[in-house]
file model-v7.txt (compact mmCIF, C-alpha atoms)
# COMPACT_ATOMS: atom_id res chain seq x y z
CA MET A 1 87.31 141.65 105.04
CA LYS A 2 84.14 141.16 103.03
CA THR A 3 82.53 137.95 101.81
CA THR A 4 79.61 137.38 99.46
CA PHE A 5 77.81 134.08 99.04
CA LYS A 6 76.10 133.21 95.75
CA GLU A 7 74.63 130.12 94.12
CA GLU A 8 75.80 129.98 90.51
CA ASP A 9 74.44 126.99 88.56
CA LYS A 10 75.54 123.90 90.49
CA TYR A 11 78.19 125.84 92.41
CA PHE A 12 78.17 127.43 95.84
CA VAL A 13 80.46 130.42 95.34
CA MET A 14 81.98 132.57 98.05
CA TYR A 15 83.74 135.78 97.07
CA PHE A 16 86.49 137.00 99.37
CA GLU A 17 87.62 140.60 99.39
CA GLY A 18 90.41 142.07 101.51
CA ARG A 19 92.66 140.46 104.11
CA LEU A 20 91.73 137.11 105.63
CA ASP A 21 93.83 137.42 108.77
CA THR A 22 93.38 136.24 112.35
CA ALA A 23 91.21 139.22 113.25
CA ALA A 24 88.81 138.53 110.36
CA SER A 25 88.71 134.75 110.67
CA ALA A 26 85.97 134.39 113.31
CA GLN A 27 83.48 136.45 111.34
CA THR A 28 84.52 134.83 108.05
CA GLU A 29 84.01 131.38 109.57
CA GLU A 30 80.47 132.39 110.46
CA GLU A 31 79.86 133.72 106.94
CA MET A 32 81.21 130.51 105.37
CA LYS A 33 78.62 128.35 107.17
CA PRO A 34 76.23 128.11 104.17
CA LEU A 35 79.06 126.37 102.27
CA TYR A 36 79.09 123.51 104.75
CA ASP A 37 75.63 122.46 103.63
CA CYS A 38 77.03 121.57 100.21
CA SER A 39 75.63 118.12 99.36
CA GLY A 40 75.10 117.99 95.60
CA HIS A 41 77.07 121.18 95.00
CA ASP A 42 80.68 121.95 94.22
CA ILE A 43 82.23 124.93 95.94
CA ILE A 44 84.22 127.79 94.47
CA LEU A 45 86.23 130.04 96.75
CA ASP A 46 86.74 133.13 94.60
CA CYS A 47 89.95 134.78 95.75
CA THR A 48 90.27 137.30 92.92
CA ASN A 49 90.10 140.17 95.42
CA LEU A 50 91.69 138.41 98.36
CA GLU A 51 94.85 140.32 99.30
CA TYR A 52 96.23 138.20 102.13
CA ILE A 53 95.59 134.91 103.88
CA SER A 54 96.95 133.94 107.29
CA SER A 55 97.12 130.52 108.96
CA SER A 56 93.66 131.13 110.39
CA GLY A 57 92.37 131.62 106.86
CA LEU A 58 94.11 128.45 105.67
CA ARG A 59 92.48 126.57 108.53
CA LEU A 60 89.06 127.78 107.41
CA PHE A 61 89.72 126.57 103.87
CA LEU A 62 91.06 123.22 105.13
CA GLY A 63 88.11 122.79 107.49
CA LEU A 64 85.72 123.36 104.60
CA LEU A 65 87.62 120.86 102.45
CA LYS A 66 87.42 118.26 105.21
CA THR A 67 83.64 118.66 105.41
CA ALA A 68 82.99 118.87 101.67
CA LYS A 69 85.06 115.91 100.48
CA PRO A 70 83.08 113.14 102.23
CA LYS A 71 79.92 114.68 100.73
CA GLY A 72 81.40 114.26 97.26
CA SER A 73 81.79 118.00 96.71
CA HIS A 74 84.85 119.53 95.09
CA VAL A 75 86.38 122.69 96.49
CA TYR A 76 87.90 124.93 93.82
CA ILE A 77 89.98 128.02 94.43
CA ARG A 78 89.51 130.62 91.72
CA GLY A 79 91.40 133.75 90.76
CA ILE A 80 94.13 133.45 93.37
CA ASN A 81 97.08 135.82 92.89
CA GLU A 82 100.68 134.62 92.67
CA ASP A 83 101.61 135.75 96.20
CA LEU A 84 98.77 133.79 97.77
CA ARG A 85 99.49 130.79 95.56
CA GLN A 86 103.00 130.89 96.97
CA VAL A 87 101.57 130.70 100.49
CA PHE A 88 99.69 127.55 99.52
CA ALA A 89 102.85 126.15 97.91
CA MET A 90 105.25 126.88 100.77
CA THR A 91 102.93 125.32 103.33
CA GLY A 92 102.48 122.24 101.13
CA PHE A 93 98.72 122.64 100.95
CA ILE A 94 98.46 123.54 97.31
CA ASN A 95 97.81 120.03 96.06
CA LEU A 96 94.88 119.54 98.44
CA PHE A 97 92.79 122.06 96.52
CA GLU A 98 91.76 122.29 92.93
CA PHE A 99 92.48 125.56 91.19
CA LYS A 100 90.37 127.19 88.52
CA MET B 1 49.90 78.53 81.73
CA ARG B 2 48.21 75.43 83.14
CA LEU B 3 49.14 74.37 86.66
CA SER B 4 47.87 71.33 88.51
CA PRO B 5 45.83 71.99 91.70
CA HIS B 6 48.88 70.89 93.75
CA CYS B 7 51.12 73.39 91.96
CA GLN B 8 48.50 76.13 92.32
CA LEU B 9 48.53 75.52 96.07
CA LEU B 10 52.34 75.79 96.14
CA LEU B 11 52.18 79.04 94.17
CA GLN B 12 49.59 80.49 96.55
CA GLU B 13 51.69 79.49 99.55
CA PHE B 14 54.65 81.25 97.94
CA ARG B 15 52.56 84.44 97.63
CA ASP B 16 51.52 84.14 101.28
CA LYS B 17 55.10 83.57 102.48
CA ARG B 18 56.66 86.29 100.35
CA GLN B 19 57.30 88.60 103.30
CA GLU B 20 59.00 85.84 105.28
CA LEU B 21 61.19 84.99 102.29
CA LEU B 22 62.13 88.66 101.81
CA GLN B 23 63.23 88.82 105.44
CA LEU B 24 65.27 85.65 104.99
CA ASP B 25 66.88 87.09 101.85
CA ASN B 26 67.87 90.33 103.60
CA HIS B 27 69.07 88.59 106.73
CA VAL B 28 71.32 86.19 104.82
CA PHE B 29 72.66 89.00 102.61
CA GLU B 30 73.53 91.19 105.62
CA LEU B 31 75.11 88.31 107.51
CA ILE B 32 77.30 87.26 104.57
CA SER B 33 78.28 90.85 103.68
CA GLN B 34 79.32 91.66 107.24
CA THR B 35 81.18 88.40 107.81
CA LEU B 36 83.17 88.58 104.57
CA LYS B 37 84.02 92.22 105.28
CA GLN B 38 85.26 91.28 108.75
CA GLN B 39 87.40 88.55 107.19
CA GLY B 40 88.89 91.10 104.79
CA ILE B 41 87.69 89.38 101.62
CA GLU B 42 87.26 91.85 98.78
CA LEU B 43 84.35 90.95 96.53
CA ASN B 44 83.41 91.91 93.03
CA SER B 45 79.73 91.84 94.02
CA ILE B 46 76.97 90.11 95.95
CA GLU B 47 73.60 89.84 94.26
CA HIS B 48 70.51 88.60 96.06
CA ARG B 49 66.88 88.09 95.10
CA ILE B 50 63.77 86.11 95.79
CA LYS B 51 62.12 84.30 92.92
CA THR B 52 59.37 86.13 91.06
CA VAL B 53 55.87 84.64 90.94
CA ASP B 54 56.16 84.22 87.14
CA SER B 55 59.49 82.46 87.41
CA LEU B 56 58.18 80.07 90.06
CA ALA B 57 55.02 79.40 88.02
CA GLY B 58 57.23 78.48 85.04
CA LYS B 59 59.29 76.13 87.15
CA LEU B 60 56.16 74.49 88.62
CA GLU B 61 54.72 74.03 85.16
CA ARG B 62 57.88 72.23 84.03
CA LYS B 63 58.55 70.04 87.04
CA GLY B 64 56.05 70.94 89.76
CA GLU B 65 55.04 67.41 90.62
CA LYS B 66 58.47 66.58 92.07
CA TYR B 67 57.95 69.13 94.86
CA ARG B 68 55.82 67.86 97.72
CA GLN B 69 55.97 71.14 99.63
CA LEU B 70 57.20 74.69 99.03
CA SER B 71 60.35 74.17 101.07
CA ASP B 72 61.44 71.44 98.62
CA ILE B 73 62.19 74.23 96.15
CA THR B 74 65.70 75.25 97.06
CA ASP B 75 66.14 78.46 95.08
CA LEU B 76 63.21 80.58 96.24
CA VAL B 77 65.86 82.76 97.83
CA GLY B 78 69.14 83.03 95.95
CA LEU B 79 72.42 84.84 96.46
CA ARG B 80 75.38 85.08 94.15
CA ILE B 81 78.78 85.96 95.53
CA VAL B 82 81.30 87.02 92.91
CA THR B 83 84.93 87.05 94.03
CA PHE B 84 87.97 88.42 92.21
CA TYR B 85 90.18 85.41 92.78
CA THR B 86 89.61 81.69 92.49
CA ASP B 87 91.30 81.10 95.89
CA ASP B 88 88.63 83.25 97.45
CA VAL B 89 85.83 81.00 96.13
CA ASP B 90 87.07 78.26 98.46
CA LYS B 91 87.61 80.71 101.31
CA VAL B 92 84.08 82.10 100.95
CA ALA B 93 82.69 78.58 100.69
CA ALA B 94 84.40 77.62 103.96
CA ILE B 95 82.92 80.66 105.67
CA ILE B 96 79.46 79.93 104.28
CA SER B 97 79.62 76.39 105.61
CA GLN B 98 80.38 77.79 109.07
CA LEU B 99 77.50 80.27 108.94
CA PHE B 100 74.76 77.94 107.71
CA ASP B 101 73.68 74.30 107.62
CA ILE B 102 74.64 72.99 104.19
CA ASP B 103 72.46 70.43 102.45
CA TRP B 104 75.42 68.54 101.02
CA ALA B 105 73.24 66.07 99.11
CA ASN B 106 71.86 68.89 96.97
CA SER B 107 74.93 71.14 96.81
CA VAL B 108 77.09 70.99 93.72
CA ASP B 109 80.63 71.99 92.97
CA LYS B 110 80.24 72.32 89.23
CA ARG B 111 83.93 73.08 88.93
CA LYS B 112 84.64 69.43 89.67
CA LEU B 113 82.08 67.96 87.28
CA HIS B 114 84.10 68.32 84.12
CA ASP B 115 85.63 65.16 82.75
CA LEU B 116 88.17 65.09 79.94
CA ASN B 117 85.55 65.50 77.26
CA SER B 118 83.41 68.08 78.99
CA PHE B 119 83.66 71.79 78.80
CA GLY B 120 82.09 74.80 80.42
CA TYR B 121 83.01 76.94 83.28
CA ASN B 122 80.76 76.89 86.27
CA SER B 123 80.50 77.79 89.89
CA LEU B 124 79.99 76.39 93.34
CA HIS B 125 76.34 76.02 94.39
CA TYR B 126 75.44 75.49 98.02
CA ILE B 127 71.94 74.77 99.28
CA CYS B 128 71.81 76.23 102.77
CA ASN B 129 69.52 76.55 105.76
CA LEU B 130 69.59 78.86 108.71
CA HIS B 131 70.05 76.82 111.86
CA GLY B 132 66.43 75.83 112.52
CA GLY B 133 65.18 77.77 109.49
CA SER B 134 62.07 76.73 107.59
CA PHE B 135 63.16 77.58 104.01
CA PRO B 136 66.37 76.63 102.22
CA PHE B 137 68.23 79.13 100.06
CA GLU B 138 70.81 78.80 97.34
CA ILE B 139 74.20 80.46 97.34
CA GLN B 140 76.32 80.52 94.20
CA ILE B 141 79.98 81.38 94.55
CA ARG B 142 82.08 82.15 91.52
CA THR B 143 84.90 84.34 90.29
CA ALA B 144 84.37 87.41 88.14
CA LEU B 145 85.63 85.47 85.10
CA GLN B 146 83.27 82.56 85.82
CA HIS B 147 80.52 85.14 86.11
CA THR B 148 81.44 86.59 82.74
CA TRP B 149 81.42 83.13 81.23
CA SER B 150 77.94 82.44 82.58
CA ALA B 151 76.63 85.76 81.33
CA ILE B 152 77.97 85.15 77.82
CA GLU B 153 76.76 81.56 77.85
CA HIS B 154 73.33 82.84 78.79
CA ASP B 155 73.44 85.50 76.07
CA ILE B 156 74.42 82.95 73.42
CA GLY B 157 71.48 80.84 74.51
CA TYR B 158 73.50 77.68 75.08
CA LYS B 159 71.84 75.45 77.69
CA GLY B 160 73.76 72.19 77.69
CA ALA B 161 76.48 70.18 76.02
CA VAL B 162 74.11 67.92 74.19
CA LYS B 163 72.40 70.72 72.32
CA LEU B 164 75.58 72.39 71.15
CA PRO B 165 76.54 71.53 67.57
CA PRO B 166 79.83 69.60 67.63
CA GLN B 167 81.64 72.09 65.42
CA TYR B 168 81.36 74.70 68.18
CA ARG B 169 82.39 72.42 71.02
CA ARG B 170 86.09 73.00 70.47
CA GLN B 171 85.62 76.78 70.42
CA PHE B 172 83.78 76.67 73.75
CA SER B 173 86.38 74.35 75.26
CA ARG B 174 89.25 76.61 74.27
CA LEU B 175 87.54 79.65 75.77
CA ALA B 176 86.65 77.83 78.98
CA GLY B 177 90.22 76.60 79.31
CA MET B 178 91.58 80.07 78.72
CA LEU B 179 89.35 81.57 81.42
CA GLU B 180 90.30 78.84 83.91
CA LEU B 181 93.93 79.49 83.16
CA ALA B 182 93.47 83.25 83.54
CA ASP B 183 91.71 82.75 86.88
CA ASP B 184 94.57 80.58 88.15
CA GLU B 185 97.16 83.03 86.90
CA PHE B 186 95.47 85.99 88.61
CA SER B 187 95.48 84.06 91.88
CA ARG B 188 99.13 83.17 91.41
CA LEU B 189 99.98 86.76 90.64
CA ARG B 190 98.28 87.87 93.84
CA THR B 191 100.27 85.37 95.88
CA THR B 192 103.50 86.45 94.19
CA MET B 193 102.78 90.14 94.80
CA THR B 194 101.94 89.50 98.46
CA GLU B 195 105.23 87.64 98.88
CA TYR B 196 107.11 90.45 97.10
CA ARG B 197 105.55 93.04 99.43
CA ARG B 198 106.55 90.98 102.48
CA GLN B 199 110.13 90.79 101.24
CA ILE B 200 110.23 94.54 100.59
CA GLN B 201 108.83 95.30 104.05
CA ALA B 202 111.42 93.02 105.65
CA LEU B 203 114.28 94.66 103.72
CA VAL B 204 113.06 98.15 104.57
CA LYS B 205 112.68 97.27 108.25
CA SER B 206 116.14 95.71 108.37
CA GLY B 207 117.59 98.96 107.01
CA ASN B 208 119.06 97.44 103.84
CA LEU B 209 117.65 100.29 101.80
CA SER B 210 120.19 100.19 99.00
CA ASP B 211 119.04 96.65 98.17
CA VAL B 212 115.46 97.79 97.69
CA ALA B 213 114.40 98.98 94.24
CA LEU B 214 112.31 102.13 94.24
CA SER B 215 108.70 101.22 93.43
CA THR B 216 105.20 102.04 94.58
CA ASP B 217 105.25 99.19 97.10
CA SER B 218 108.73 99.83 98.44
CA PHE B 219 108.18 103.59 98.72
CA CYS B 220 104.95 102.93 100.60
CA SER B 221 106.79 100.66 103.07
CA TYR B 222 109.57 103.23 103.37
CA LEU B 223 107.05 105.95 104.26
CA GLU B 224 105.86 103.80 107.16
CA LEU B 225 109.29 104.46 108.71
CA ARG B 226 108.36 108.18 108.62
CA PRO B 227 111.73 109.20 107.18
CA PHE B 228 110.78 112.87 106.77
CA ASP B 229 109.37 113.43 110.27
CA ARG B 230 112.57 114.85 111.70
CA LEU B 231 112.91 117.41 108.91
CA ASN B 232 109.20 118.27 109.06
CA GLN B 233 109.35 118.83 112.82
CA ARG B 234 112.41 121.01 112.45
CA ILE B 235 110.63 123.12 109.83
CA ALA B 236 107.43 123.23 111.90
CA ALA B 237 109.40 124.53 114.87
CA VAL B 238 110.16 127.74 112.95
CA ASN B 239 106.64 129.05 113.63
CA GLN B 240 105.57 126.42 116.19
CA ALA B 241 103.37 125.12 113.39
CA GLU B 242 100.87 122.30 113.47
CA LEU B 243 101.62 119.55 110.91
CA PHE B 244 98.69 118.48 108.77
CA PRO B 245 98.81 114.83 107.52
CA ALA B 246 99.33 114.40 103.78
CA SER B 247 100.16 111.58 101.39
CA LEU B 248 103.72 111.63 100.09
CA MET B 249 103.10 109.10 97.31
CA PRO B 250 102.80 111.90 94.68
CA PHE B 251 106.56 112.42 95.13
CA LEU B 252 107.39 109.00 93.70
CA PRO B 253 107.45 110.09 90.02
CA ILE B 254 109.62 113.06 91.00
CA LEU B 255 112.16 110.82 92.71
CA GLU B 256 112.12 108.52 89.69
CA SER B 257 112.70 111.51 87.41
CA PHE B 258 115.85 112.24 89.44
CA GLY B 259 117.09 108.84 88.29
CA MET B 260 116.79 107.32 91.74
CA GLU B 261 116.52 103.56 91.51
CA SER B 262 116.72 102.44 95.14
CA LEU B 263 115.45 103.53 98.52
CA GLY B 264 119.08 103.88 99.51
CA GLN B 265 119.38 106.83 97.12
CA VAL B 266 116.27 108.44 98.64
CA GLN B 267 117.71 108.00 102.12
CA ALA B 268 121.04 109.47 100.96
CA MET B 269 119.14 112.56 99.79
CA VAL B 270 117.53 112.84 103.23
CA ASP B 271 120.87 112.41 105.01
CA GLU B 272 122.82 114.81 102.83
CA LEU B 273 120.35 117.55 102.02
CA SER B 274 118.07 117.90 105.06
CA ASP B 275 120.05 120.88 106.36
CA ALA B 276 119.80 122.73 103.06
CA ALA B 277 116.09 121.86 102.78
CA TYR B 278 115.55 123.20 106.28
CA GLN B 279 117.39 126.44 105.43
CA LEU B 280 115.26 126.85 102.31
CA ALA B 281 112.00 126.31 104.24
CA LEU B 282 113.23 128.63 106.99
CA SER B 283 113.91 131.42 104.53
CA GLN B 284 110.33 131.18 103.26
CA LEU B 285 108.49 130.70 106.53
CA ALA B 286 110.41 132.89 108.97
CA ILE B 287 108.97 136.05 107.43
CA THR B 288 105.39 134.74 107.79
CA ASP B 289 103.13 133.83 110.68
CA LEU B 290 102.09 130.54 109.03
CA ASP B 291 101.62 128.06 111.84
CA ILE B 292 99.96 125.25 109.91
CA LEU B 293 101.94 123.14 107.46
CA SER B 294 101.35 120.03 105.42
CA GLU B 295 103.58 116.99 105.97
CA MET B 296 104.65 117.50 102.37
CA VAL B 297 106.76 120.48 103.33
CA GLY B 298 109.98 118.61 104.15
CA LEU B 299 110.12 116.37 101.10
CA GLN B 300 109.02 119.21 98.83
CA ASN B 301 111.97 121.35 99.93
CA LEU B 302 114.29 118.34 99.71
CA CYS B 303 113.27 117.75 96.11
CA VAL B 304 113.80 121.39 95.17
CA VAL B 305 117.23 121.41 96.79
CA TYR B 306 118.20 118.09 95.19
CA SER B 307 117.18 119.33 91.75
CA LEU B 308 118.98 122.67 92.03
CA LYS B 309 122.12 121.10 93.50
CA ASN B 310 122.22 118.80 90.50
CA GLY B 311 121.98 121.61 87.97
CA GLY B 312 118.19 121.74 87.77
CA THR B 313 116.67 124.63 85.79
CA ARG B 314 113.45 126.59 86.34
CA ASN B 315 111.74 124.07 84.08
CA ASP B 316 112.95 121.20 86.28
CA ILE B 317 111.51 122.96 89.33
CA LYS B 318 108.32 123.65 87.41
CA TYR B 319 108.15 119.90 86.69
CA ILE B 320 108.19 119.23 90.46
CA TYR B 321 105.33 121.67 91.00
CA ASP B 322 103.44 120.43 87.94
CA THR B 323 103.66 116.89 89.30
CA LEU B 324 102.52 117.86 92.78
CA TYR B 325 99.99 120.60 92.02
CA GLY B 326 98.88 119.87 88.47
CA ALA B 327 100.36 121.45 85.35
CA SER B 328 100.06 125.22 85.26
CA GLU B 329 102.04 128.12 83.85
CA SER B 330 101.74 129.71 87.31
CA ASN B 331 104.16 127.06 88.51
CA LEU B 332 106.89 128.92 86.61
CA HIS B 333 106.36 131.90 88.98
CA LEU B 334 106.65 129.54 91.93
CA ALA B 335 109.81 128.06 90.41
CA ASP B 336 111.36 131.51 89.92
CA ALA B 337 110.49 132.50 93.49
CA ILE B 338 112.02 129.37 95.02
CA ILE B 339 115.17 129.69 92.89
CA ARG B 340 115.58 133.26 94.23
CA GLN B 341 115.16 131.95 97.79
CA TYR B 342 117.68 129.21 97.13
CA SER B 343 120.24 131.75 95.87
CA ALA B 344 119.55 133.93 98.89
CA ILE B 345 120.50 131.19 101.35
CA GLY B 346 123.87 130.92 99.66
CA GLN B 347 123.53 127.38 98.33
call {"tool": "encode", "arguments": {"input": "model-v7.txt", "output": "C-alpha cells"}}
result
Amino acid sequence: MKTTFKEEDKYFVMYFEGRLDTAASAQTEEEMKPLYDCSGHDIILDCTNLEYISSSGLRLFLGLLKTAKPKGSHVYIRGINEDLRQVFAMTGFINLFEFK
Amino acid sequence: MRLSPHCQLLLQEFRDKRQELLQLDNHVFELISQTLKQQGIELNSIEHRIKTVDSLAGKLERKGEKYRQLSDITDLVGLRIVTFYTDDVDKVAAIISQLFDIDWANSVDKRKLHDLNSFGYNSLHYICNLHGGSFPFEIQIRTALQHTWSAIEHDIGYKGAVKLPPQYRRQFSRLAGMLELADDEFSRLRTTMTEYRRQIQALVKSGNLSDVALSTDSFCSYLELRPFDRLNQRIAAVNQAELFPASLMPFLPILESFGMESLGQVQAMVDELSDAAYQLALSQLAITDLDILSEMVGLQNLCVVYSLKNGGTRNDIKYIYDTLYGASESNLHLADAIIRQYSAIGQ
C-alpha cells in the first residue's frame, strides 16, 4: 500500500495505491495525518489506483470525514472503481461522501 | 456644530466613560443572548452598539439642554432584538423585564400607539438598567417584518405622519396593515404546525400508523420509534459489525415514489419484507469482512426488495441510488449488481 500527499490548489489530495486492508491501515493512518490539519482546504482522496478497501480502511475515511466536516472542509472521493463503489454502497456509507 | 458649554461637558464625559459603556454593551448582549438561547427562543438577529461621538453631538445640538446629566440620555447603549414571530416579541419582553430594571415611564410599546387614523408599524422599546447600574440602555424588540418596515421607512426618508403628504397615507396604511396581518398569520401557522406535530407524535406512539399520512414530520416521529433497528442488528450480526449512525430522512422521497401514503404502509413493508431484505444484505456481506455498517443498510435493502418485488426495473433501482447517493451513471452498475444478487437469493 502506497500513499502520496500533495497540495493541489485549494485541495489537500492523498493518492492511494494498492490494497487498503487491515495490515496496511496503521501505517496509512499515520500517513493520512497531514489531512487532519485541513482548515480552509477541501480534501480529495484519490482512489484511482486503490484496488481494495477493508473495514479498517473505511474507518480511516470515516474518521477523516468526522474531523473535516466541523472544520467546514469537504471530503471528496475521486476515481473510485465500480467494485469499491459497491463496497461503499452495500455498507450504506456512500451518501456520506462526495464523489468526483 | 455649536454646542453649549453644558453640552460640551456631557460630550467630554461620554468620551471619558466610553470604556465603561462598551463593557455595559457587551455584558448586556452576552446576558440576553445566553438567556434567550437557554429559553429556546430562535432569533433572527441581535444587534448592539454604543452611540458614536458624532451621533451624540448631533443629539445634544438638537435637544441637549433637556439632559441634566449623561445618564439622562437613555440610548447611549442600544440593543435591537429581532424575532421571527410576533408571539416571541412578548416572550422576549417578559424575559427582559426579569433580567433588568425597566424604566416604565420612559418605555414605549409603539405597537399600541396606533389609533384608527394612524399608521406605521413599530416595535417595543424598553429603557433598562442593570440592578444598581449607573447608565440606562435601550432595548428594541421587533419582528423581522417590523424590522423590514423600519428599514424601508428609513430608506424612504419618512420621519412622521405629519410630514407625509396625504395622498401617500393610504398606501403606507395598506402596507403596514398587510405586514401586521402577515406577522399574525406566521405566528398562527407556527401554532398550527406545533399542534399538528403533537397530534402526529401521539398517533405514532399509540401505534395507529395507518391513520398517519406520510410526511416529513410524521416520518421523523416514526424514526424515533427506531423501526429498522431489528433488521439492522440482524444484518450487523452477519460480520459482528459496528453500526454507524445515519439519517434516514433521505429515504422519504423514495417511499413516496413507491406510492406510500401512510406510515402504516411503511410498517407493512418492514413487517413483510424484512426477511428478504436480510437475505439480500447477507448475500452481499457474507463474502466480505466488512464489520462497519451505516444504519441505512436495513432500509436501503428493504427499498430495493420492495421495488423489485413490485416489478421494479434497473432504472427504478437506479432511482433509489440516485436519490440516496446523488445522480450518477455509475448507479446503473450498482443497480445491475444488486439485481443479480436478488436473483441469486431466489426471490
call {"tool": "atom_distance", "arguments": {"input": "model-v7.txt", "atom1": "atom CA of Leu290 of chain B", "atom2": "atom CA of Thr323 of chain B"}}
result
24.0 Å
call {"tool": "interface_residues", "arguments": {"input": "model-v7.txt", "of": "chain B", "to": "chain A", "cutoff": "6 Å", "atoms": "only C-alpha atoms", "output": "NGL selection string"}}
result
:B and (290-291 or 293-294 or 296-297 or 325)
call {"tool": "atom_distance", "arguments": {"input": "model-v7.txt", "atom1": "atom CA of Ala236 of chain B", "atom2": "atom CA of Ser262 of chain B"}}
result
28.3 Å
call {"tool": "closest_residue", "arguments": {"input": "model-v7.txt", "among": "B:Thr83, B:Gln38, B:Gln267, B:Ser107", "to": "Leu145 of chain B", "atoms": "only C-alpha atoms"}}
result
B:Thr83
call {"tool": "closest_residue", "arguments": {"input": "model-v7.txt", "among": "B:Gln69, B:Thr143, B:Ser134, B:Thr35", "to": "Ile96 of chain B", "atoms": "all atoms listed in the file"}}
result
B:Thr35
call {"tool": "residues_around", "arguments": {"input": "model-v7.txt", "residues": "segment 229-232 of chain B", "least_positions_apart": "3", "cutoff": "7 Å", "atoms": "only C-alpha atoms", "output": "ChimeraX atom specification"}}
result
/B:226,235-236,274,278,295,297-298
call {"tool": "residues_around", "arguments": {"input": "model-v7.txt", "residues": "Ile339 of chain B", "least_positions_apart": "4", "cutoff": "8 Å", "atoms": "only C-alpha atoms", "output": "PDB file with C-alpha atoms, in the frame of the given file"}}
result
ATOM      1  CA  ARG B 314     113.450 126.590  86.340  1.00  0.00           C
ATOM      2  CA  ALA B 335     109.810 128.060  90.410  1.00  0.00           C
ATOM      3  CA  SER B 343     120.240 131.750  95.870  1.00  0.00           C
TER       4      SER B 343
END
call {"tool": "decode", "arguments": {"input": "model-v7.txt", "residues": "segment 30-79 of chain A", "atoms": "C-alpha atoms", "output": "PDB file, in the first residue's frame"}}
result
ATOM      1  CA  GLU A  30      -0.106   7.721  10.111  1.00  0.00           C
ATOM      2  CA  GLU A  31       0.380   8.905   6.527  1.00  0.00           C
ATOM      3  CA  MET A  32      -3.094  10.498   6.456  1.00  0.00           C
ATOM      4  CA  LYS A  33      -2.299  12.754   9.436  1.00  0.00           C
ATOM      5  CA  PRO A  34      -1.490  15.846   7.310  1.00  0.00           C
ATOM      6  CA  LEU A  35      -5.096  15.708   6.035  1.00  0.00           C
ATOM      7  CA  TYR A  36      -6.446  16.260   9.531  1.00  0.00           C
ATOM      8  CA  ASP A  37      -4.984  19.746   9.578  1.00  0.00           C
ATOM      9  CA  CYS A  38      -7.372  20.775   6.810  1.00  0.00           C
ATOM     10  CA  SER A  39      -8.909  24.093   7.904  1.00  0.00           C
ATOM     11  CA  GLY A  40      -9.510  26.160   4.777  1.00  0.00           C
ATOM     12  CA  HIS A  41      -8.901  23.220   2.455  1.00  0.00           C
ATOM     13  CA  ASP A  42     -11.107  20.609   0.866  1.00  0.00           C
ATOM     14  CA  ILE A  43      -9.791  17.075   0.723  1.00  0.00           C
ATOM     15  CA  ILE A  44      -9.624  14.688  -2.203  1.00  0.00           C
ATOM     16  CA  LEU A  45      -8.982  11.015  -1.586  1.00  0.00           C
ATOM     17  CA  ASP A  46      -7.785   9.815  -4.985  1.00  0.00           C
ATOM     18  CA  CYS A  47      -8.665   6.143  -5.259  1.00  0.00           C
ATOM     19  CA  THR A  48      -7.872   5.694  -8.952  1.00  0.00           C
ATOM     20  CA  ASN A  49      -5.228   3.079  -8.099  1.00  0.00           C
ATOM     21  CA  LEU A  50      -6.835   1.715  -4.961  1.00  0.00           C
ATOM     22  CA  GLU A  51      -7.555  -1.985  -5.526  1.00  0.00           C
ATOM     23  CA  TYR A  52      -9.270  -2.947  -2.281  1.00  0.00           C
ATOM     24  CA  ILE A  53     -10.613  -1.370   0.879  1.00  0.00           C
ATOM     25  CA  SER A  54     -11.405  -3.233   4.092  1.00  0.00           C
ATOM     26  CA  SER A  55     -13.426  -2.114   7.121  1.00  0.00           C
ATOM     27  CA  SER A  56     -10.237  -0.681   8.607  1.00  0.00           C
ATOM     28  CA  GLY A  57      -9.847   1.459   5.513  1.00  0.00           C
ATOM     29  CA  LEU A  58     -13.474   2.595   5.700  1.00  0.00           C
ATOM     30  CA  ARG A  59     -12.907   3.568   9.323  1.00  0.00           C
ATOM     31  CA  LEU A  60      -9.954   5.730   8.300  1.00  0.00           C
ATOM     32  CA  PHE A  61     -12.077   7.504   5.693  1.00  0.00           C
ATOM     33  CA  LEU A  62     -14.963   7.946   8.149  1.00  0.00           C
ATOM     34  CA  GLY A  63     -12.620   9.223  10.861  1.00  0.00           C
ATOM     35  CA  LEU A  64     -11.239  11.801   8.446  1.00  0.00           C
ATOM     36  CA  LEU A  65     -14.760  12.857   7.458  1.00  0.00           C
ATOM     37  CA  LYS A  66     -15.709  13.287  11.112  1.00  0.00           C
ATOM     38  CA  THR A  67     -12.741  15.597  11.686  1.00  0.00           C
ATOM     39  CA  ALA A  68     -13.021  17.548   8.431  1.00  0.00           C
ATOM     40  CA  LYS A  69     -16.754  18.330   8.469  1.00  0.00           C
ATOM     41  CA  PRO A  70     -16.793  20.538  11.590  1.00  0.00           C
ATOM     42  CA  LYS A  71     -13.904  22.495  10.055  1.00  0.00           C
ATOM     43  CA  GLY A  72     -16.050  23.215   7.006  1.00  0.00           C
ATOM     44  CA  SER A  73     -13.945  21.034   4.715  1.00  0.00           C
ATOM     45  CA  HIS A  74     -15.457  18.729   2.113  1.00  0.00           C
ATOM     46  CA  VAL A  75     -14.080  15.240   1.609  1.00  0.00           C
ATOM     47  CA  TYR A  76     -14.280  14.056  -1.995  1.00  0.00           C
ATOM     48  CA  ILE A  77     -13.528  10.573  -3.235  1.00  0.00           C
ATOM     49  CA  ARG A  78     -12.098  10.579  -6.738  1.00  0.00           C
ATOM     50  CA  GLY A  79     -11.557   7.888  -9.334  1.00  0.00           C
TER      51      GLY A  79
END
